[in-house]
file work.csv (CSV, C-alpha atoms)
chain,number,residue,atom,x,y,z
A,205,MET,CA,134.8,34.2,146.7
A,206,ARG,CA,132.4,35.9,149.1
A,207,LEU,CA,133.2,36.5,152.8
A,208,LEU,CA,130.5,36.8,155.5
A,209,LEU,CA,131.1,38.3,158.9
A,210,LYS,CA,128.8,37.5,161.9
A,211,PHE,CA,129.1,39.5,165.1
A,212,ASN,CA,127.8,38.1,168.5
A,213,GLY,CA,125.2,36.0,166.8
A,214,LEU,CA,123.4,39.0,165.2
A,215,ARG,CA,121.9,38.4,161.8
A,216,ASN,CA,123.2,41.6,160.1
A,217,ALA,CA,126.1,40.7,157.8
A,218,ALA,CA,128.6,42.5,155.6
A,219,VAL,CA,130.0,41.1,152.4
A,220,ARG,CA,133.6,41.7,151.7
A,221,ASN,CA,136.0,40.9,148.8
A,222,ALA,CA,138.4,38.0,149.1
A,223,ASP,CA,141.4,40.4,149.0
A,224,SER,CA,140.4,41.4,152.5
A,225,GLU,CA,140.9,37.9,154.0
A,226,SER,CA,144.0,38.7,156.1
A,227,LEU,CA,142.5,41.9,157.5
A,228,LEU,CA,139.2,40.2,158.4
A,229,CYS,CA,141.0,37.4,160.2
A,230,SER,CA,143.2,39.7,162.2
A,231,SER,CA,140.2,41.9,163.2
A,232,SER,CA,138.3,38.8,164.3
A,233,ARG,CA,140.7,38.2,167.2
A,234,LYS,CA,140.4,41.7,168.4
A,235,ILE,CA,136.8,42.6,168.3
A,236,GLY,CA,135.0,39.3,168.4
A,237,PHE,CA,134.1,38.9,164.7
A,238,ARG,CA,133.6,35.4,163.4
A,239,PHE,CA,135.1,34.7,160.0
A,240,ILE,CA,132.9,32.6,157.7
A,241,VAL,CA,133.3,31.7,154.1
A,242,THR,CA,130.2,31.3,151.9
A,243,SER,CA,131.9,30.3,148.6
A,244,CYS,CA,135.4,29.4,147.5
A,245,ARG,CA,137.5,27.8,144.8
A,246,ALA,CA,137.3,24.0,144.5
A,247,VAL,CA,137.9,21.1,142.2
A,248,LEU,CA,134.6,19.4,141.2
A,249,LEU,CA,134.1,15.9,139.8
A,250,PRO,CA,130.9,16.3,137.7
A,251,ARG,CA,131.2,12.8,136.1
A,252,PHE,CA,133.5,9.8,136.2
A,253,GLY,CA,136.4,9.6,133.8
A,254,GLY,CA,140.0,10.6,133.2
A,255,PRO,CA,141.8,13.7,134.5
A,256,GLN,CA,140.1,15.9,132.0
A,257,VAL,CA,136.7,15.6,133.8
A,258,LEU,CA,138.1,17.5,136.8
A,259,GLU,CA,136.9,21.1,136.9
A,260,LEU,CA,138.4,24.0,138.9
A,261,ARG,CA,135.6,26.4,139.8
A,262,HIS,CA,135.8,29.6,141.8
A,263,ASP,CA,132.2,29.9,143.2
A,264,VAL,CA,131.6,26.6,145.0
A,265,THR,CA,129.3,27.0,148.0
A,266,VAL,CA,130.7,26.3,151.4
A,267,PRO,CA,128.1,24.8,153.7
A,268,ASP,CA,127.3,26.1,157.2
A,269,LEU,CA,129.3,24.4,159.9
A,270,LYS,CA,127.7,21.8,162.1
A,271,PRO,CA,128.4,22.2,165.9
A,272,ASN,CA,131.3,19.6,165.8
A,273,GLU,CA,132.9,20.9,162.5
A,274,VAL,CA,135.9,23.0,161.7
A,275,LEU,CA,136.5,25.2,158.6
A,276,VAL,CA,140.1,24.9,157.5
A,277,ARG,CA,141.9,27.2,155.1
A,278,ALA,CA,143.7,24.6,153.1
A,279,ARG,CA,147.4,25.2,152.2
A,280,ALA,CA,148.2,21.7,150.9
A,281,VAL,CA,146.3,18.6,150.1
A,282,SER,CA,147.8,15.3,149.0
A,283,ILE,CA,146.6,13.0,146.2
A,284,ASN,CA,145.8,9.5,147.4
A,285,PRO,CA,145.2,6.4,145.2
A,286,LEU,CA,141.6,6.6,146.4
A,287,ASP,CA,141.2,9.9,144.7
A,288,THR,CA,142.2,8.7,141.2
A,289,ARG,CA,140.1,5.5,141.6
A,290,MET,CA,137.1,7.5,142.7
A,291,ARG,CA,137.5,9.8,139.7
A,292,SER,CA,137.5,6.8,137.4
A,293,GLY,CA,134.3,5.4,138.9
A,294,TYR,CA,135.3,3.4,142.0
A,295,GLY,CA,132.5,3.7,144.5
A,296,ARG,CA,130.0,4.8,141.9
A,297,SER,CA,127.1,3.0,143.6
A,298,LEU,CA,127.5,5.4,146.5
A,299,PHE,CA,128.8,8.6,144.8
A,300,GLU,CA,127.1,8.7,141.4
A,301,PRO,CA,123.7,9.9,142.8
A,302,LEU,CA,125.6,12.7,144.7
A,303,LEU,CA,127.6,14.1,141.7
A,304,PRO,CA,129.2,16.6,141.5
A,305,ILE,CA,131.5,15.8,144.4
A,306,ILE,CA,134.8,17.2,145.6
A,307,LEU,CA,137.7,14.7,145.8
A,308,GLY,CA,140.5,14.7,148.4
A,309,ARG,CA,141.0,13.3,151.9
A,310,ASP,CA,144.2,14.8,153.4
A,311,VAL,CA,144.6,18.5,154.3
A,312,SER,CA,147.0,20.8,156.1
A,313,GLY,CA,146.1,24.5,156.8
A,314,GLU,CA,144.8,26.9,159.3
A,315,VAL,CA,141.6,27.0,161.3
A,316,ALA,CA,139.3,29.6,159.8
A,317,ALA,CA,136.2,29.0,161.9
A,318,VAL,CA,134.8,26.4,164.4
A,319,GLY,CA,131.4,25.0,165.2
A,320,ALA,CA,129.7,25.8,168.5
A,321,SER,CA,130.7,22.5,170.3
A,322,VAL,CA,134.4,22.5,169.2
A,323,ARG,CA,136.7,22.7,172.2
A,324,THR,CA,140.1,21.5,171.3
A,325,LEU,CA,140.9,23.8,168.3
A,326,SER,CA,140.7,27.6,167.8
A,327,VAL,CA,140.8,30.1,164.9
A,328,GLY,CA,144.3,30.6,163.6
A,329,GLN,CA,145.8,27.3,164.7
A,330,GLU,CA,147.7,25.3,162.1
A,331,VAL,CA,146.2,21.8,161.7
A,332,PHE,CA,146.3,18.7,159.6
A,333,GLY,CA,144.0,15.7,159.3
A,334,ALA,CA,141.9,13.5,156.9
A,335,LEU,CA,138.3,12.9,155.9
A,336,HIS,CA,136.6,9.5,155.9
A,337,PRO,CA,136.7,7.6,152.6
A,338,THR,CA,133.0,8.2,152.0
A,339,ALA,CA,133.0,12.0,152.5
A,340,VAL,CA,131.3,13.8,149.6
A,341,ARG,CA,132.9,17.2,150.1
A,342,GLY,CA,136.6,16.5,150.0
A,343,THR,CA,139.7,18.7,150.5
A,344,TYR,CA,140.5,19.8,147.0
A,345,ALA,CA,139.3,23.3,147.9
A,346,ASP,CA,140.5,26.5,149.4
A,347,TYR,CA,138.3,25.8,152.4
A,348,ALA,CA,137.7,22.3,153.7
A,349,ILE,CA,135.3,21.2,156.4
A,350,LEU,CA,136.3,18.4,158.8
A,351,SER,CA,134.9,17.2,162.1
A,352,GLU,CA,136.9,18.1,165.2
A,353,ASP,CA,138.1,14.5,165.7
A,354,GLU,CA,139.4,14.4,162.1
A,355,LEU,CA,142.0,17.1,162.9
A,356,THR,CA,144.9,17.8,165.2
A,357,VAL,CA,147.5,20.5,165.6
A,358,LYS,CA,150.2,20.5,163.0
A,359,PRO,CA,153.7,20.1,164.3
A,360,VAL,CA,155.7,23.3,163.8
A,361,SER,CA,158.7,21.2,162.7
A,362,ILE,CA,157.0,20.1,159.4
A,363,SER,CA,155.6,22.2,156.5
A,364,HIS,CA,152.0,22.1,155.3
A,365,VAL,CA,153.2,20.1,152.2
A,366,GLU,CA,154.9,17.5,154.4
A,367,ALA,CA,151.9,17.3,156.9
A,368,SER,CA,149.3,16.9,154.1
A,369,ALA,CA,151.0,13.7,152.9
A,370,ILE,CA,150.6,11.9,156.3
A,371,PRO,CA,147.2,11.5,157.9
A,372,PHE,CA,145.0,9.4,155.5
A,373,ALA,CA,147.8,6.8,154.9
A,374,ALA,CA,148.9,6.8,158.5
A,375,LEU,CA,145.4,6.4,159.9
A,376,THR,CA,144.7,3.6,157.4
A,377,ALA,CA,147.8,1.8,158.8
A,378,TRP,CA,146.9,2.7,162.4
A,379,ARG,CA,143.4,1.2,162.2
A,380,ALA,CA,144.8,-2.1,160.9
A,381,LEU,CA,147.7,-2.3,163.4
A,382,LYS,CA,146.3,-0.8,166.6
A,383,SER,CA,142.5,-1.2,166.3
A,384,THR,CA,142.3,-4.6,164.6
A,385,ALA,CA,145.6,-6.5,165.3
A,386,ARG,CA,146.3,-4.6,168.5
A,387,ILE,CA,150.1,-5.0,168.0
A,388,THR,CA,152.3,-4.9,171.0
A,389,GLU,CA,156.0,-4.6,171.7
A,390,GLY,CA,158.1,-7.5,170.6
A,391,GLN,CA,155.6,-8.9,168.1
A,392,ARG,CA,156.6,-9.7,164.5
A,393,LEU,CA,154.8,-7.9,161.6
A,394,LEU,CA,154.9,-8.4,157.9
A,395,VAL,CA,154.0,-5.5,155.6
A,396,VAL,CA,153.3,-6.7,152.0
A,397,GLY,CA,154.0,-3.7,149.8
A,398,GLY,CA,156.0,-1.5,152.2
A,399,GLY,CA,157.0,1.0,149.5
A,400,GLY,CA,153.6,2.8,149.3
A,401,ALA,CA,152.4,5.4,151.7
A,402,VAL,CA,150.2,3.1,153.8
A,403,GLY,CA,152.9,0.4,153.9
A,404,PHE,CA,155.6,2.9,154.8
A,405,SER,CA,153.4,4.4,157.5
A,406,ALA,CA,152.7,0.9,158.9
A,407,ILE,CA,156.5,0.1,159.1
A,408,GLN,CA,157.1,3.4,161.0
A,409,LEU,CA,154.2,2.9,163.4
A,410,SER,CA,155.2,-0.7,164.1
A,411,VAL,CA,158.8,0.2,164.7
A,412,ALA,CA,157.7,3.0,167.1
A,413,ALA,CA,155.6,0.4,169.0
A,414,GLY,CA,158.7,-1.9,169.4
A,415,CYS,CA,157.7,-4.5,166.8
A,416,HIS,CA,160.0,-6.5,164.5
A,417,VAL,CA,159.1,-5.6,161.0
A,418,SER,CA,159.7,-7.4,157.7
A,419,THR,CA,158.4,-6.1,154.3
A,420,THR,CA,158.2,-6.7,150.6
A,421,CYS,CA,158.9,-3.9,148.1
A,422,GLY,CA,160.5,-3.0,144.8
A,423,SER,CA,164.2,-2.5,144.6
A,424,ALA,CA,164.0,1.3,144.7
A,425,SER,CA,162.4,1.3,148.1
A,426,ILE,CA,164.7,-1.2,150.0
A,427,ASP,CA,167.2,1.4,151.5
A,428,ARG,CA,164.4,3.7,152.6
A,429,LEU,CA,162.4,1.0,154.3
A,430,LEU,CA,165.5,-0.4,156.1
A,431,ALA,CA,166.4,3.1,157.2
A,432,ALA,CA,162.9,3.5,158.6
A,433,GLY,CA,163.5,0.5,160.9
A,434,ALA,CA,162.4,-2.6,158.9
A,435,GLU,CA,164.7,-5.5,159.8
A,436,GLN,CA,164.2,-7.2,156.5
A,437,ALA,CA,163.2,-5.7,153.1
A,438,ILE,CA,162.7,-8.2,150.3
A,439,ASP,CA,162.6,-7.3,146.6
A,440,TYR,CA,159.6,-9.2,145.3
A,441,THR,CA,160.8,-8.7,141.7
A,442,THR,CA,164.0,-10.7,142.1
A,443,GLU,CA,163.4,-12.9,145.2
A,444,ASP,CA,161.1,-15.7,146.2
A,445,VAL,CA,159.4,-14.0,149.1
A,446,GLN,CA,158.2,-17.1,150.9
A,447,PHE,CA,161.6,-18.6,150.7
A,448,ALA,CA,163.4,-15.4,151.8
A,449,ILE,CA,161.2,-14.8,154.8
A,450,LYS,CA,162.1,-16.7,157.9
A,451,GLY,CA,159.7,-17.5,160.7
A,452,GLN,CA,156.1,-16.6,161.2
A,453,PHE,CA,154.3,-13.4,162.1
A,454,ASP,CA,151.8,-12.1,164.6
A,455,ALA,CA,150.2,-9.9,162.0
A,456,VAL,CA,150.3,-9.3,158.2
A,457,LEU,CA,149.2,-6.1,156.6
A,458,ASP,CA,148.7,-6.7,152.8
A,459,THR,CA,148.5,-3.5,150.9
A,460,ILE,CA,148.5,-5.3,147.5
A,461,GLY,CA,145.6,-7.8,148.2
A,462,VAL,CA,145.9,-10.1,145.2
A,463,PRO,CA,145.2,-13.8,145.6
A,464,GLU,CA,149.0,-14.6,145.6
A,465,THR,CA,149.8,-12.2,148.4
A,466,GLU,CA,146.8,-13.2,150.4
A,467,ARG,CA,147.8,-16.9,150.3
A,468,MET,CA,151.4,-16.0,151.2
A,469,GLY,CA,150.4,-13.8,154.1
A,470,ILE,CA,148.0,-16.3,155.6
A,471,ASN,CA,150.5,-19.1,155.4
A,472,LEU,CA,153.1,-17.0,157.2
A,473,LEU,CA,150.9,-16.2,160.2
A,474,LYS,CA,151.1,-17.8,163.6
A,475,ARG,CA,147.9,-19.3,165.0
A,476,GLY,CA,146.0,-16.4,166.5
A,477,GLY,CA,147.5,-14.0,164.1
A,478,HIS,CA,145.7,-11.3,162.0
A,479,TYR,CA,145.7,-11.0,158.3
A,480,MET,CA,144.5,-7.6,157.1
A,481,THR,CA,144.0,-6.5,153.5
A,482,LEU,CA,143.3,-3.0,152.1
A,483,GLN,CA,141.6,-4.6,149.0
A,484,GLY,CA,138.3,-5.6,150.5
A,485,GLU,CA,135.5,-6.4,148.0
A,486,ALA,CA,132.7,-4.3,149.4
A,487,ALA,CA,133.0,-1.3,147.0
A,488,SER,CA,133.7,-3.4,143.9
A,489,LEU,CA,130.7,-5.7,144.5
A,490,THR,CA,128.3,-2.8,145.3
A,491,ASP,CA,129.5,-1.0,142.1
A,492,ARG,CA,128.8,-4.2,140.1
A,493,TYR,CA,125.5,-5.2,141.6
A,494,GLY,CA,124.2,-2.1,143.5
A,495,LEU,CA,123.9,-1.5,147.2
A,496,ALA,CA,120.9,-3.8,147.7
A,497,ILE,CA,122.7,-6.9,146.4
A,498,GLY,CA,126.4,-6.0,146.5
A,499,LEU,CA,126.7,-5.1,150.1
A,500,PRO,CA,125.1,-8.2,151.5
A,501,THR,CA,127.1,-10.3,149.0
A,502,ALA,CA,130.4,-8.6,150.2
A,503,THR,CA,129.4,-9.2,153.8
A,504,ALA,CA,128.7,-12.9,153.1
A,505,ILE,CA,132.1,-13.3,151.3
A,506,LEU,CA,133.9,-11.7,154.2
A,507,LEU,CA,132.1,-13.9,156.8
A,508,LYS,CA,132.9,-17.0,154.8
A,509,LYS,CA,136.6,-16.2,154.6
A,510,GLN,CA,136.7,-15.4,158.3
A,511,ILE,CA,135.1,-18.7,159.2
A,512,GLN,CA,137.3,-20.6,156.7
A,513,TYR,CA,140.6,-19.3,157.9
A,514,ARG,CA,139.7,-19.4,161.5
A,515,TYR,CA,139.1,-23.2,161.2
A,516,SER,CA,141.8,-24.0,158.7
A,517,HIS,CA,144.7,-21.8,160.0
A,518,GLY,CA,143.5,-20.5,163.3
A,519,ILE,CA,143.9,-16.9,162.2
A,520,GLU,CA,141.7,-13.8,162.0
A,521,TYR,CA,140.9,-12.4,158.5
A,522,TRP,CA,139.9,-8.7,158.0
A,523,TRP,CA,139.2,-6.2,155.3
A,524,THR,CA,140.6,-2.9,156.7
A,525,TYR,CA,139.7,0.7,155.9
A,526,MET,CA,140.6,4.2,157.1
A,527,ARG,CA,138.4,5.8,159.7
A,528,ALA,CA,138.7,8.8,161.9
A,529,ASP,CA,140.4,8.1,165.2
A,530,ALA,CA,141.3,10.9,167.5
A,531,GLU,CA,143.7,8.8,169.6
A,532,GLY,CA,145.4,7.6,166.4
A,533,LEU,CA,145.7,11.0,164.9
A,534,ASP,CA,147.2,12.4,168.2
A,535,GLU,CA,149.8,9.6,168.2
A,536,ILE,CA,150.5,10.3,164.5
A,537,ARG,CA,151.1,13.9,165.4
A,538,ARG,CA,153.5,13.0,168.2
A,539,LEU,CA,155.5,10.7,166.0
A,540,SER,CA,155.6,13.2,163.2
A,541,GLU,CA,156.8,15.9,165.6
A,542,ALA,CA,159.6,13.6,166.8
A,543,GLY,CA,160.7,12.8,163.2
A,544,LYS,CA,159.6,9.1,163.6
A,545,LEU,CA,156.8,9.2,161.0
A,546,LYS,CA,157.2,10.9,157.7
A,547,ILE,CA,156.0,10.3,154.1
A,548,PRO,CA,158.3,11.7,151.4
A,549,VAL,CA,156.7,14.0,148.9
A,550,GLU,CA,158.1,13.5,145.4
A,551,LYS,CA,156.4,16.4,143.6
A,552,THR,CA,154.0,19.3,144.2
A,553,PHE,CA,151.6,21.0,141.8
A,554,PRO,CA,149.5,24.1,142.2
A,555,ILE,CA,145.8,23.4,142.5
A,556,THR,CA,145.3,25.0,139.1
A,557,GLN,CA,147.2,22.1,137.6
A,558,ILE,CA,145.0,19.4,139.1
A,559,ARG,CA,144.5,17.6,135.8
A,560,GLU,CA,148.2,17.4,135.1
A,561,ALA,CA,148.8,16.1,138.7
A,562,HIS,CA,146.2,13.3,138.2
A,563,GLU,CA,147.5,12.5,134.8
A,564,ALA,CA,151.0,12.1,136.2
A,565,LYS,CA,149.7,9.7,138.8
A,566,ASP,CA,147.6,7.7,136.3
A,567,LYS,CA,150.6,7.2,134.0
A,568,TRP,CA,153.0,6.4,136.9
A,569,ARG,CA,155.3,9.2,135.8
A,570,ILE,CA,155.5,10.0,139.6
A,571,PRO,CA,155.5,6.9,141.7
A,572,GLY,CA,155.8,8.7,145.0
A,573,LYS,CA,153.5,11.1,146.9
A,574,VAL,CA,152.1,14.1,145.0
A,575,VAL,CA,150.8,17.2,146.9
A,576,LEU,CA,148.6,20.0,145.6
A,577,GLU,CA,149.4,23.5,147.0
A,578,LEU,CA,146.8,26.2,147.5
A,579,GLU,CA,147.7,29.9,147.8
call {"tool": "encode", "arguments": {"input": "work.csv", "output": "structure tokens"}}
result
Amino acid sequence: MRLLLKFNGLRNAAVRNADSESLLCSSSRKIGFRFIVTSCRAVLLPRFGGPQVLELRHDVTVPDLKPNEVLVRARAVSINPLDTRMRSGYGRSLFEPLLPIILGRDVSGEVAAVGASVRTLSVGQEVFGALHPTAVRGTYADYAILSEDELTVKPVSISHVEASAIPFAALTAWRALKSTARITEGQRLLVVGGGGAVGFSAIQLSVAAGCHVSTTCGSASIDRLLAAGAEQAIDYTTEDVQFAIKGQFDAVLDTIGVPETERMGINLLKRGGHYMTLQGEAASLTDRYGLAIGLPTATAILLKKQIQYRYSHGIEYWWTYMRADAEGLDEIRRLSEAGKLKIPVEKTFPITQIREAHEAKDKWRIPGKVVLELE
């Protein structure tokens, strides 16, 4: 890994060995040096396939920062379902022409450098955040690049491992609940599949907003979801969910998104309610037919469903995705700091064992959250 120092905008530079990283960082605060990384260790995806296609390289170029970007020295990055799906070819219509790419969305670490227009963060601060799902240079790297609004200060009360498990899942839930359904205190919310990271985040965010939450899950998750504030947790493997659930809801977040859960969720909504699914068809249709045909087809399918359910049930139907949201990330930080939002980490792996970590997720040997540590 090569390190480049720039002083007061001058072009002359000195190259240093990576072993000098701590010295260079400390001197930058004293004499005005700016610490820039030109290459680093990262996990590349050169082609789609199983865990064996992932390659850990030590000389991956780090691009120059744009004015609104922040360079983060990553200490922990979590593995999301999106990562393993992308590795297997999900989104290939978008990503295949861009290979090799770097997977990873979540990150927790320290600010190493900031772009010229960044105002809310400074070098040395501990931060956490998440990239947009379509980002090509992900966070499976010693140094990650995110925009200023994709990061916030990490609470001192949680570790980098704990922090890295939170933002992508929590922001996905936030967008559905706050940006789309606009939940308010006293409303009723149903989370279909509350045992996963997005579902668990949705429960905690809704409880913090003063909502009454019911959820479906496997038997192993019931106690955890009730402890998080859900008023009803139904084991979908042993109970008839529609029979067990009483009343109707203002919003349904469906993290499973199969026809059975979609039908159930829509039938349990009040008129004027919002049904939101994480399993939109845009990516799968563009992968099948290409962007030119697949994207318009997906748009037409969504519009048809929206019109259909608006007239037949009086409800709003949405495909929901994660996106950067500075307000949401700030609220996620406050709730995490207060201990009201957390995602349990089941196991950690060093970044050098990236293939083993992905294989464990593929084979469901570790159902909970997995985090990669970078030292």
call {"tool": "atom_distance", "arguments": {"input": "work.csv", "atom1": "CA of Glu560 (chain A)", "atom2": "CA of Leu260 (chain A)"}}
result
12.4 Å
call {"tool": "closest_residue", "arguments": {"input": "work.csv", "among": "A:Val360, A:Val266, A:Val456, A:Ile349", "to": "Leu473 (chain A)", "atoms": "all atoms listed in the file"}}
result
A:Val456
call {"tool": "residues_around", "arguments": {"input": "work.csv", "residues": "region 308-319 of chain A", "least_positions_apart": "4", "cutoff": "6 Å", "atoms": "all atoms listed in the file", "output": "PyMOL selection string"}}
result
chain A and resi 269-282+327-335+342-344+364+368+372
call {"tool": "closest_residue", "arguments": {"input": "work.csv", "among": "A:Ile536, A:Leu325, A:Ala401, A:Cys421", "to": "Glu352 (chain A)", "atoms": "all atoms listed in the file"}}
result
A:Leu325
call {"tool": "closest_residue", "arguments": {"input": "work.csv", "among": "A:Glu531, A:Asp346, A:Glu300, A:Asp287", "to": "Val241 (chain A)", "atoms": "all atoms listed in the file"}}
result
A:Asp346
call {"tool": "residues_around", "arguments": {"input": "work.csv", "residues": "Ala564 (chain A)", "least_positions_apart": "2", "cutoff": "12 Å", "atoms": "all atoms listed in the file", "output": "compact mmCIF listing (two decimals) with C-alpha atoms, in the coordinates of the input"}}
result
# COMPACT_ATOMS: atom_id res chain seq x y z
CA GLY A 254 140.00 10.60 133.20
CA PRO A 255 141.80 13.70 134.50
CA ILE A 283 146.60 13.00 146.20
CA THR A 288 142.20 8.70 141.20
CA GLU A 550 158.10 13.50 145.40
CA LYS A 551 156.40 16.40 143.60
CA THR A 552 154.00 19.30 144.20
CA PHE A 553 151.60 21.00 141.80
CA GLN A 557 147.20 22.10 137.60
CA ILE A 558 145.00 19.40 139.10
CA ARG A 559 144.50 17.60 135.80
CA GLU A 560 148.20 17.40 135.10
CA ALA A 561 148.80 16.10 138.70
CA HIS A 562 146.20 13.30 138.20
CA ASP A 566 147.60 7.70 136.30
CA LYS A 567 150.60 7.20 134.00
CA TRP A 568 153.00 6.40 136.90
CA ARG A 569 155.30 9.20 135.80
CA ILE A 570 155.50 10.00 139.60
CA PRO A 571 155.50 6.90 141.70
CA GLY A 572 155.80 8.70 145.00
CA LYS A 573 153.50 11.10 146.90
CA VAL A 574 152.10 14.10 145.00
CA VAL A 575 150.80 17.20 146.90
call {"tool": "closest_residue", "arguments": {"input": "work.csv", "among": "A:Val462, A:Asp427, A:Pro301, A:Met526", "to": "Leu286 (chain A)", "atoms": "only C-alpha atoms"}}
result
A:Met526
call {"tool": "closest_residue", "arguments": {"input": "work.csv", "among": "A:Ala345, A:Cys415, A:Asp529, A:Phe404", "to": "Leu430 (chain A)", "atoms": "all atoms listed in the file"}}
result
A:Phe404
call {"tool": "residues_around", "arguments": {"input": "work.csv", "residues": "Lys544 (chain A)", "least_positions_apart": "3", "cutoff": "8 Å", "atoms": "only C-alpha atoms", "output": "list in words"}}
result
Gln408, Ala412, Leu539, Ser540 and Glu541 of chain A
